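*Asks:* What follows is start36.pdb, PDB, C-alpha atoms.
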```pdb
ATOM      1  CA  MET C   1       4.669  35.733 -23.363
ATOM      2  CA  ASN C   2       4.954  32.282 -21.771
ATOM      3  CA  LYS C   3       2.131  30.187 -20.338
ATOM      4  CA  TYR C   4       2.875  31.204 -16.747
ATOM      5  CA  SER C   5       2.486  34.859 -17.638
ATOM      6  CA  LEU C   6      -0.867  34.108 -19.276
ATOM      7  CA  LEU C   7      -2.029  32.199 -16.194
ATOM      8  CA  ALA C   8      -0.891  35.015 -13.921
ATOM      9  CA  LEU C   9      -2.887  37.501 -16.017
ATOM     10  CA  LYS C  10      -6.048  35.523 -15.209
ATOM     11  CA  PHE C  11      -5.516  36.573 -11.604
ATOM     12  CA  LYS C  12      -4.503  40.141 -12.557
ATOM     13  CA  THR C  13      -1.011  39.423 -11.205
ATOM     14  CA  GLY C  14       1.090  39.376 -14.340
ATOM     15  CA  GLY C  15       4.271  40.646 -12.688
ATOM     16  CA  ALA C  16       4.718  37.521 -10.573
ATOM     17  CA  SER C  17       4.798  34.871 -13.301
ATOM     18  CA  ALA C  18       8.269  33.669 -12.282
ATOM     19  CA  GLU C  19       7.024  33.050  -8.750
ATOM     20  CA  LEU C  20       3.939  31.321 -10.169
ATOM     21  CA  LYS C  21       6.261  28.975 -12.058
ATOM     22  CA  LYS C  22       8.011  28.239  -8.771
ATOM     23  CA  ALA C  23       4.651  27.638  -7.069
ATOM     24  CA  MET C  24       3.918  24.999  -9.723
ATOM     25  CA  THR C  25       7.297  23.258  -9.275
ATOM     26  CA  HIS C  26       7.721  20.354  -6.861
ATOM     27  CA  LYS C  27      11.109  19.847  -5.232
ATOM     28  CA  SER C  28      11.454  16.471  -7.012
ATOM     29  CA  PHE C  29      11.940  18.427 -10.259
ATOM     30  CA  TYR C  30      15.494  19.242  -9.192
ATOM     31  CA  LYS C  31      18.225  16.596  -9.223
ATOM     32  CA  LYS C  32      19.356  17.377  -5.692
ATOM     33  CA  ASP C  33      15.745  17.352  -4.434
ATOM     34  CA  ASP C  34      16.389  20.766  -2.867
ATOM     35  CA  GLU C  35      13.315  21.807  -0.890
ATOM     36  CA  SER C  36      14.353  25.459  -0.986
ATOM     37  CA  GLN C  37      13.912  25.422  -4.766
ATOM     38  CA  GLY C  38      10.481  23.769  -4.722
ATOM     39  CA  ASN C  39       7.036  25.111  -3.903
ATOM     40  CA  SER C  40       6.888  23.969  -0.254
ATOM     41  CA  ARG C  41       6.707  27.561   1.021
ATOM     42  CA  TYR C  42       3.769  28.349  -1.260
ATOM     43  CA  VAL C  43       2.072  25.075  -0.282
ATOM     44  CA  PHE C  44       2.367  26.106   3.359
ATOM     45  CA  GLY C  45       0.895  29.502   2.496
ATOM     46  CA  GLY C  46      -2.068  27.848   0.761
ATOM     47  CA  MET C  47      -2.712  25.398   3.573
ATOM     48  CA  PHE C  48      -2.628  27.946   6.373
ATOM     49  CA  ALA C  49      -2.459  31.595   5.265
ATOM     50  CA  PHE C  50      -5.028  31.357   2.465
ATOM     51  CA  LYS C  51      -7.183  28.998   4.497
ATOM     52  CA  GLY C  52      -7.079  31.569   7.298
ATOM     53  CA  GLU C  53      -8.444  34.241   4.944
ATOM     54  CA  VAL C  54     -11.355  31.948   4.030
ATOM     55  CA  ALA C  55     -11.957  31.343   7.732
ATOM     56  CA  GLN C  56     -12.113  35.116   8.288
ATOM     57  CA  VAL C  57     -14.765  35.433   5.572
ATOM     58  CA  LEU C  58     -16.840  32.693   7.215
ATOM     59  CA  LEU C  59     -16.458  34.267  10.632
ATOM     60  CA  ARG C  60     -17.498  37.677   9.342
ATOM     61  CA  TYR C  61     -20.390  36.827   7.042
ATOM     62  CA  VAL C  62     -21.730  33.357   7.911
ATOM     63  CA  SER C  63     -23.820  32.602  10.976
ATOM     64  CA  GLY C  64     -23.498  29.352  12.908
ATOM     65  CA  THR C  65     -21.568  27.813  15.750
ATOM     66  CA  GLY C  66     -17.832  27.372  15.732
ATOM     67  CA  THR C  67     -18.251  23.666  15.045
ATOM     68  CA  GLN C  68     -20.491  24.373  12.053
ATOM     69  CA  LEU C  69     -18.009  26.852  10.615
ATOM     70  CA  GLN C  70     -15.174  24.416  11.183
ATOM     71  CA  HIS C  71     -17.039  21.681   9.303
ATOM     72  CA  ALA C  72     -17.817  24.105   6.461
ATOM     73  CA  LEU C  73     -14.157  25.136   6.230
ATOM     74  CA  GLY C  74     -13.066  21.487   6.222
ATOM     75  CA  LYS C  75     -15.399  20.682   3.304
ATOM     76  CA  MET C  76     -14.052  23.618   1.303
ATOM     77  CA  PHE C  77     -10.488  22.338   1.573
ATOM     78  CA  LYS C  78     -11.169  18.653   1.047
ATOM     79  CA  THR C  79      -8.992  16.878  -1.513
ATOM     80  CA  VAL C  80     -11.988  16.413  -3.822
ATOM     81  CA  HIS C  81     -12.544  20.171  -4.081
ATOM     82  CA  MET C  82      -8.819  20.823  -4.493
ATOM     83  CA  GLU C  83      -8.715  18.355  -7.385
ATOM     84  CA  SER C  84     -11.746  20.032  -8.971
ATOM     85  CA  LEU C  85      -9.833  23.352  -8.887
ATOM     86  CA  PHE C  86      -6.827  21.591 -10.423
ATOM     87  CA  ALA C  87      -9.035  20.523 -13.330
ATOM     88  CA  TYR C  88     -10.836  23.895 -13.555
ATOM     89  CA  PHE C  89      -7.585  25.837 -14.046
ATOM     90  CA  ASP C  90      -6.031  23.006 -16.103
ATOM     91  CA  LEU C  91      -2.919  23.056 -13.921
ATOM     92  CA  GLY C  92      -1.648  19.838 -15.492
ATOM     93  CA  GLN C  93       0.048  21.868 -18.231
ATOM     94  CA  TYR C  94       1.834  24.115 -15.720
ATOM     95  CA  ILE C  95       3.135  21.757 -13.022
ATOM     96  CA  ARG C  96       6.740  20.551 -12.941
ATOM     97  CA  HIS C  97       7.996  17.536 -11.003
ATOM     98  CA  GLY C  98      10.409  14.622 -11.077
ATOM     99  CA  THR C  99       9.775  11.452 -13.056
ATOM    100  CA  ASP C 100       9.359   9.379  -9.882
ATOM    101  CA  PHE C 101       6.829  11.759  -8.297
ATOM    102  CA  ASP C 102       3.158  10.702  -8.381
ATOM    103  CA  ALA C 103       1.640  13.983  -9.588
ATOM    104  CA  ALA C 104      -1.793  12.448 -10.228
ATOM    105  CA  GLY C 105      -2.069  11.446  -6.583
ATOM    106  CA  HIS C 106      -0.841  14.823  -5.311
ATOM    107  CA  ARG C 107      -2.795  17.298  -7.447
ATOM    108  CA  HIS C 108      -4.037  19.051  -4.302
ATOM    109  CA  ILE C 109      -0.432  19.977  -3.441
ATOM    110  CA  PHE C 110      -0.119  22.103  -6.577
ATOM    111  CA  VAL C 111      -3.497  23.753  -5.870
ATOM    112  CA  PHE C 112      -2.269  24.712  -2.414
ATOM    113  CA  GLY C 113       0.841  26.082  -4.111
ATOM    114  CA  LEU C 114      -1.383  28.245  -6.327
ATOM    115  CA  LEU C 115      -3.374  29.443  -3.289
ATOM    116  CA  GLY C 116      -0.149  30.306  -1.473
ATOM    117  CA  TRP C 117       1.051  32.255  -4.502
ATOM    118  CA  LEU C 118      -2.253  34.187  -4.571
ATOM    119  CA  CYS C 119      -1.889  34.900  -0.870
ATOM    120  CA  GLU C 120       1.522  36.510  -1.396
ATOM    121  CA  HIS C 121       1.214  38.181  -4.800
ATOM    122  CA  ALA C 122      -2.457  38.816  -5.611
ATOM    123  CA  SER C 123      -4.276  41.935  -4.421
ATOM    124  CA  GLU C 124      -6.844  41.762  -1.649
ATOM    125  CA  GLU C 125      -9.619  42.437  -4.160
ATOM    126  CA  VAL C 126      -8.504  39.541  -6.392
ATOM    127  CA  ARG C 127      -8.261  37.201  -3.381
ATOM    128  CA  LYS C 128     -11.753  38.155  -2.192
ATOM    129  CA  GLU C 129     -13.183  37.571  -5.650
ATOM    130  CA  PHE C 130     -11.365  34.221  -5.875
ATOM    131  CA  ILE C 131     -12.623  33.118  -2.446
ATOM    132  CA  THR C 132     -16.185  34.114  -3.281
ATOM    133  CA  ARG C 133     -16.229  32.393  -6.666
ATOM    134  CA  HIS C 134     -14.377  29.175  -5.826
ATOM    135  CA  PHE C 135     -15.040  28.631  -2.112
ATOM    136  CA  ILE C 136     -18.172  30.463  -0.957
ATOM    137  CA  LEU C 137     -20.539  30.061  -3.926
ATOM    138  CA  PRO C 138     -19.923  26.308  -4.499
ATOM    139  CA  PHE C 139     -20.831  25.674  -0.845
ATOM    140  CA  SER C 140     -23.521  28.346  -0.468
ATOM    141  CA  ASN C 141     -26.278  25.797   0.124
ATOM    142  CA  GLU C 142     -24.404  24.323   3.062
ATOM    143  CA  LEU C 143     -23.586  27.733   4.536
ATOM    144  CA  VAL C 144     -27.192  28.989   4.673
ATOM    145  CA  PRO C 145     -28.890  28.092   7.979
ATOM    146  CA  PRO C 146     -32.030  25.937   7.732
ATOM    147  CA  SER C 147     -35.062  27.965   6.705
ATOM    148  CA  LYS C 148     -38.776  27.282   6.813
ATOM    149  CA  ASN C 149     -38.557  25.797   3.347
ATOM    150  CA  ARG C 150     -36.331  23.065   4.769
ATOM    151  CA  ASP C 151     -38.664  22.288   7.666
ATOM    152  CA  MET C 152     -40.844  19.229   6.966
ATOM    153  CA  GLU C 153     -43.915  20.690   8.685
ATOM    154  CA  ALA C 154     -43.655  23.843   6.574
ATOM    155  CA  GLN C 155     -43.308  21.735   3.424
ATOM    156  CA  CYS C 156     -46.333  19.647   4.437
ATOM    157  CA  ASN C 157     -48.360  22.851   4.970
ATOM    158  CA  VAL C 158     -47.471  24.158   1.508
ATOM    159  CA  LEU C 159     -48.459  20.878  -0.160
ATOM    160  CA  ALA C 160     -51.624  20.492   1.951
ATOM    161  CA  ARG C 161     -52.818  23.975   0.968
ATOM    162  CA  THR C 162     -52.247  23.048  -2.690
ATOM    163  CA  VAL C 163     -54.143  19.754  -2.456
ATOM    164  CA  TYR C 164     -56.740  20.249   0.277
ATOM    165  CA  GLY C 165     -56.770  24.008   0.926
ATOM    166  CA  CYS C 166     -55.753  23.700   4.589
ATOM    167  CA  LYS C 167     -52.711  23.262   6.808
ATOM    168  CA  VAL C 168     -51.530  19.963   8.286
ATOM    169  CA  LYS C 169     -52.571  19.345  11.864
ATOM    170  CA  LEU C 170     -50.113  17.341  13.930
ATOM    171  CA  THR C 171     -51.125  15.848  17.293
ATOM    172  CA  VAL C 172     -48.964  13.714  19.580
ATOM    173  CA  GLN C 173     -50.552  11.565  22.287
ATOM    174  CA  GLU C 174     -48.930   9.317  24.839
ATOM    175  CA  SER C 175     -49.783   5.620  24.378
ATOM    176  CA  GLU C 176     -48.742   2.247  25.740
ATOM    177  CA  GLU C 177     -46.047   1.984  23.074
ATOM    178  CA  GLY C 178     -44.697   5.440  23.922
ATOM    179  CA  PHE C 179     -46.067   8.223  21.732
ATOM    180  CA  GLN C 180     -48.501   8.243  18.821
ATOM    181  CA  ALA C 181     -48.192  11.079  16.290
ATOM    182  CA  THR C 182     -51.057  11.761  13.876
ATOM    183  CA  ALA C 183     -50.802  14.065  10.865
ATOM    184  CA  SER C 184     -54.114  15.061   9.275
ATOM    185  CA  ALA C 185     -55.428  17.524   6.713
ATOM    186  CA  GLY C 186     -58.769  18.863   7.913
ATOM    187  CA  SER C 187     -60.920  17.108  10.464
ATOM    188  CA  ASP C 188     -61.482  13.782   8.706
ATOM    189  CA  ARG C 189     -58.446  13.201   6.470
ATOM    190  CA  VAL C 190     -55.641  11.303   8.214
ATOM    191  CA  LEU C 191     -52.350  11.409   6.333
ATOM    192  CA  ALA C 192     -50.087   9.438   8.660
ATOM    193  CA  VAL C 193     -50.003   7.702  12.045
ATOM    194  CA  GLU C 194     -46.689   6.710  13.577
ATOM    195  CA  HIS C 195     -45.564   5.310  16.954
ATOM    196  CA  SER C 196     -42.255   5.679  18.762
ATOM    197  CA  VAL C 197     -40.869   5.652  22.281
ATOM    198  CA  SER C 198     -39.524   9.140  21.514
ATOM    199  CA  TYR C 199     -41.853  12.138  21.307
ATOM    200  CA  ARG C 200     -39.602  13.893  18.830
ATOM    201  CA  TYR C 201     -39.032  10.843  16.619
ATOM    202  CA  SER C 202     -42.736   9.940  16.463
ATOM    203  CA  ARG C 203     -43.446  13.480  15.259
ATOM    204  CA  HIS C 204     -40.615  13.289  12.693
ATOM    205  CA  LYS C 205     -41.819   9.932  11.324
ATOM    206  CA  ALA C 206     -45.424  11.147  11.003
ATOM    207  CA  LEU C 207     -44.404  14.314   9.145
ATOM    208  CA  LYS C 208     -42.135  12.350   6.808
ATOM    209  CA  LYS C 209     -44.898   9.881   5.981
ATOM    210  CA  ALA C 210     -47.435  12.717   5.545
ATOM    211  CA  LEU C 211     -45.055  14.488   3.166
ATOM    212  CA  HIS C 212     -44.885  11.391   0.954
ATOM    213  CA  ALA C 213     -48.667  11.033   1.064
ATOM    214  CA  LEU C 214     -49.156  14.639  -0.017
ATOM    215  CA  MET C 215     -46.660  14.237  -2.849
ATOM    216  CA  ASP C 216     -48.534  11.152  -4.050
ATOM    217  CA  ALA C 217     -51.803  13.124  -3.911
ATOM    218  CA  ILE C 218     -50.312  15.936  -5.991
ATOM    219  CA  GLU C 219     -49.010  13.428  -8.535
ATOM    220  CA  ALA C 220     -52.483  11.855  -8.717
ATOM    221  CA  GLN C 221     -53.974  15.291  -9.424
ATOM    222  CA  ASP C 222     -51.346  15.978 -12.050
ATOM    223  CA  ARG C 223     -52.266  12.780 -13.847
ATOM    224  CA  LEU C 224     -55.735  14.247 -14.443
ATOM    225  CA  ASN C 225     -54.193  17.246 -16.184
ATOM    226  CA  PRO C 226     -53.801  16.763 -19.981
ATOM    227  CA  ALA C 227     -50.490  18.560 -19.851
ATOM    228  CA  TYR C 228     -49.153  15.896 -17.475
ATOM    229  CA  GLU C 229     -49.119  13.233 -20.177
ATOM    230  CA  LEU C 230     -47.309  15.602 -22.546
ATOM    231  CA  GLN C 231     -44.741  16.405 -19.863
ATOM    232  CA  GLN C 232     -44.246  12.724 -19.061
ATOM    233  CA  GLN C 233     -43.850  11.999 -22.779
ATOM    234  CA  ARG C 234     -41.166  14.655 -23.021
ATOM    235  CA  LEU C 235     -39.390  13.226 -20.000
ATOM    236  CA  ASN C 236     -39.615   9.750 -21.489
ATOM    237  CA  ASP C 237     -38.230  11.067 -24.785
ATOM    238  CA  ILE C 238     -35.315  12.687 -22.978
ATOM    239  CA  LEU C 239     -34.661   9.479 -21.037
ATOM    240  CA  LEU C 240     -34.905   7.431 -24.241
ATOM    241  CA  GLN C 241     -32.462   9.751 -26.020
ATOM    242  CA  LYS C 242     -30.074   9.443 -23.118
ATOM    243  CA  GLN C 243     -30.347   5.659 -23.159
ATOM    244  CA  GLU C 244     -29.840   5.589 -26.929
ATOM    245  CA  ALA C 245     -26.785   7.826 -26.592
ATOM    246  CA  GLU C 246     -25.356   5.572 -23.884
ATOM    247  CA  LYS C 247     -26.138   2.516 -26.007
ATOM    248  CA  ALA C 248     -24.448   4.080 -29.037
ATOM    249  CA  GLU C 249     -21.433   4.994 -26.898
ATOM    250  CA  LYS C 250     -21.185   1.440 -25.586
ATOM    251  CA  ALA C 251     -21.555   0.046 -29.131
ATOM    252  CA  LYS C 252     -18.821   2.396 -30.342
ATOM    253  CA  ALA C 253     -16.530   1.369 -27.486
ATOM    254  CA  TYR C 254     -17.263  -2.308 -28.216
ATOM    255  CA  ALA C 255     -16.552  -1.834 -31.926
ATOM    256  CA  GLU C 256     -13.294  -0.054 -31.118
ATOM    257  CA  LYS C 257     -12.357  -2.895 -28.793
ATOM    258  CA  LEU C 258     -13.113  -5.471 -31.503
ATOM    259  CA  GLU C 259     -11.084  -3.500 -34.027
ATOM    260  CA  GLN C 260      -8.231  -3.296 -31.560
ATOM    261  CA  LYS C 261      -8.350  -7.076 -31.066
ATOM    262  CA  LYS C 262      -8.412  -7.599 -34.845
ATOM    263  CA  GLU C 263      -5.395  -5.341 -35.211
ATOM    264  CA  GLU C 264      -3.604  -7.271 -32.462
ATOM    265  CA  ARG C 265      -4.403 -10.555 -34.243
ATOM    266  CA  ARG C 266      -3.130  -9.135 -37.550
ATOM    267  CA  GLU C 267       0.077  -8.011 -35.872
ATOM    268  CA  LYS C 268       0.452 -11.422 -34.228
ATOM    269  CA  LYS C 269      -0.017 -13.209 -37.571
ATOM    270  CA  ALA C 270       2.485 -10.858 -39.191
ATOM    271  CA  ARG C 271       5.023 -11.627 -36.445
ATOM    272  CA  GLN C 272       4.389 -15.366 -36.791
ATOM    273  CA  LYS C 273       4.841 -15.105 -40.559
ATOM    274  CA  GLU C 274       8.125 -13.239 -40.122
ATOM    275  CA  GLN C 275       9.293 -15.827 -37.608
ATOM    276  CA  ALA C 276       8.326 -18.660 -40.001
ATOM    277  CA  ILE C 277      10.260 -16.983 -42.834
ATOM    278  CA  GLU C 278      13.296 -16.537 -40.576
ATOM    279  CA  ALA C 279      13.048 -20.189 -39.475
ATOM    280  CA  ASP C 280      12.794 -21.345 -43.112
ATOM    281  CA  ILE C 281      15.813 -19.245 -44.101
ATOM    282  CA  LYS C 282      17.739 -20.693 -41.183
ATOM    283  CA  ARG C 283      16.697 -24.233 -42.137
ATOM    284  CA  ARG C 284      17.689 -23.718 -45.795
ATOM    285  CA  LYS C 285      21.016 -22.230 -44.769
ATOM    286  CA  SER C 286      21.700 -25.151 -42.422
ATOM    287  CA  LYS C 287      20.780 -27.637 -45.167
ATOM    288  CA  ALA C 288      23.044 -25.857 -47.672
ATOM    289  CA  ASN C 289      25.946 -25.901 -45.190
ATOM    290  CA  ALA C 290      25.422 -29.624 -44.574
ATOM    291  CA  LYS C 291      25.418 -30.301 -48.324
ATOM    292  CA  LEU C 292      28.598 -28.251 -48.724
ATOM    293  CA  ARG C 293      30.312 -30.157 -45.909
ATOM    294  CA  LYS C 294      29.305 -33.464 -47.504
ATOM    295  CA  GLU C 295      30.670 -32.391 -50.880
ATOM    296  CA  GLN C 296      33.939 -31.249 -49.274
ATOM    297  CA  GLU C 297      34.293 -34.545 -47.426
ATOM    298  CA  ALA C 298      33.643 -36.485 -50.671
ATOM    299  CA  GLN C 299      36.232 -34.353 -52.463
ATOM    300  CA  ARG C 300      38.820 -34.959 -49.719
ATOM    301  CA  ALA C 301      38.064 -38.698 -49.832
ATOM    302  CA  ALA C 302      38.495 -38.691 -53.624
ATOM    303  CA  GLU C 303      41.778 -36.818 -53.331
ATOM    304  CA  THR C 304      43.007 -39.276 -50.723
ATOM    305  CA  ALA C 305      41.971 -42.261 -52.865
ATOM    306  CA  ALA C 306      43.766 -40.719 -55.891
ATOM    307  CA  LYS C 307      46.964 -40.325 -53.891
ATOM    308  CA  MET C 308      46.814 -43.879 -52.656
ATOM    309  CA  SER C 309      46.141 -45.379 -56.128
ATOM    310  CA  GLY C 310      49.740 -44.818 -57.259
ATOM    311  CA  MET C 311      51.257 -46.573 -54.237
ATOM    312  CA  SER C 312      52.450 -50.070 -53.896
ATOM    313  CA  ALA C 313      50.226 -52.599 -52.270
ATOM    314  CA  ASN C 314      52.494 -52.885 -49.214
ATOM    315  CA  LYS C 315      52.608 -49.088 -48.655
ATOM    316  CA  ARG C 316      48.833 -48.775 -49.162
ATOM    317  CA  ARG C 317      48.208 -51.487 -46.543
ATOM    318  CA  HIS C 318      50.712 -49.794 -44.238
ATOM    319  CA  LEU C 319      48.925 -46.434 -44.499
ATOM    320  CA  GLN C 320      45.540 -48.074 -44.098
ATOM    321  CA  ASP C 321      46.697 -49.908 -40.982
ATOM    322  CA  LYS C 322      48.194 -46.671 -39.662
ATOM    323  CA  ALA C 323      44.903 -44.842 -40.291
ATOM    324  CA  LYS C 324      43.092 -47.450 -38.237
TER     325      LYS C 324
END
```
When written as structure tokens, how does the structure in this file appear?
*Replies:*
Amino acid sequence: MNKYSLLALKFKTGGASAELKKAMTHKSFYKKDDESQGNSRYVFGGMFAFKGEVAQVLLRYVSGTGTQLQHALGKMFKTVHMESLFAYFDLGQYIRHGTDFDAAGHRHIFVFGLLGWLCEHASEEVRKEFITRHFILPFSNELVPPSKNRDMEAQCNVLARTVYGCKVKLTVQESEEGFQATASAGSDRVLAVEHSVSYRYSRHKALKKALHALMDAIEAQDRLNPAYELQQQRLNDILLQKQEAEKAEKAKAYAEKLEQKKEERREKKARQKEQAIEADIKRRKSKANAKLRKEQEAQRAAETAAKMSGMSANKRRHLQDKAK
């Protein structure tokens, strides 16, 4: 069983492994760059058909305006999320492409190919499970409409009951500067006072400031609790361990870098030594050749002198004049 069959079994679609292999193959893989042999059809299916199925799920189960759903759908199919799916399924070992194709910069294309393959060959149940696990759940926090827990006034009320045993009272009065918003806990405890030309913004600023004040008050109470110091110590220990681990990692990387530089210097010295040996051999060879040429010239001169020694003086002078 090949790797494409094993990957197809993950999606309970083992009978379509050949098509999965095609979905993971870019047209640049083929010498003629034939688009009909590549995964362009599956990429189209992922970009539009599969995306349409996700849009149907949002329309059926998620409340919100059309603009909100459109933004949610856009986030789900951003390149960052597509690349995270590429890494999650380790598609790098399955993709096929030409040597000149930048696969690292186009990982999302192969994910769309996978989605298109699922759209055509996987069952409706498998597709629903895939959409829920990899598209709905990762973005569930953004799909849920704002609740009371996300409202600053509700958060202030929860904290105020914990600290002071009462809700936060918010009053907004018109002033010369516009509007003055006052957030208080009880009748004599003012948490925040903010001014703005906008009624809504003055209220927002006062609640935000009151929320910080209440959080500081809770932290001050926690400091009186003996368990707080123990908790802080544990947090400090965790932070210290993390810093030590990062420090050790940096030291290891630095040591590896130094070792790499040492190895490069050793290799450089070895190359220089080899070059010096080659230069010395060349120099010795050149010197030996020069010595040989000198000996040959001396021998030829001796032979010439020997020939001329048996000649008459007139013939010797004649040959010497001729040589000049």
*Asks:* May I ask for the distance between CA of Asp90 (chain C) and CA of Trp117 (chain C), given in Å to one decimal place?
*Replies:*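 Separating CA of Asp90 (chain C) from CA of Trp117 (chain C) is a distance of 16.4 Å.
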*Asks:* What's the separation between CA of Phe130 (chain C) and CA of Glu83 (chain C), in Å to one decimal place?
*Replies:* 16.2 Å
*Asks:* If we count only C-alpha atoms and set the cut-off at 10 Å, which residues sit around Val80 (chain C), ignoring sequence neighbours fewer than 5 positions away in its own chain? Please answer as a list in words.
*Replies:*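 Everything that qualifies: Lys75, Leu85, Phe86, Arg107 and His108 of chain C.
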*Asks:* Show which residues sit within 7 Å of Lys169 (chain C), as a PyMOL selection string. Count all atoms listed in the file, and ignore same-chain residues fewer than 5 positions away.
*Replies:* chain C and resi 183-185
*Asks:* What does the distance from CA of His97 (chain C) to CA of Thr25 (chain C) come to in Å, to one decimal?
*Replies:*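 These two atoms are separated by 6.0 Å.
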*Asks:* Closest to Leu59 (chain C) among C:Leu143, C:Glu124, C:Ser17, C:Ala210, using all atoms listed in the file?
*Replies:*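 Ranked by minimum distance to Leu59 (chain C), first place goes to C:Leu143.
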*Asks:* List the spatial neighbours of Ala18 (chain C) as a ChimeraX atom specification - criterion: any atom at most 12 Å away, only C-alpha atoms, same-chain residues fewer than 4 positions off excluded.
*Replies:* /C:1-8,13-14,22-25,117,121
*Asks:* If we count all atoms listed in the file, what is near Val62 (chain C) at a cut-off of 12 Å, once residues fewer than 4 positions away on the same chain are taken out, given as a ChimeraX atom specification?
*Replies:* /C:54-58,66,68-70,72-73,136,139-145
*Asks:* Would you write out, as a ChimeraX atom specification, every residue that the PyMOL selection byres ((chain C and resi 156-158) around 12) captures in this file?
*Replies:* /C:148-155,159-170,183-186,191-192,204,206-215,217-218
*Asks:* Take the PyMOL selection byres ((chain C and resi 39) around 9), run it mentally on this structure, and tell me the resulting residues as a list in words.
*Replies:*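 So the PyMOL selection byres ((chain C and resi 39) around 9) ends up selecting Lys22, Ala23, Met24, Thr25, His26, Lys27, Glu35, Ser36, Gln37, Gly38, Ser40, Arg41, Tyr42, Val43, Phe44, Phe110 and Gly113 of chain C.
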*Asks:* So what does the PyMOL selection byres ((chain C and resi 134) around 12) actually pick up in this one, as a PyMOL selection string?
*Replies:* chain C and resi 54+76-77+81-82+84-86+88-89+115+126-133+135-140
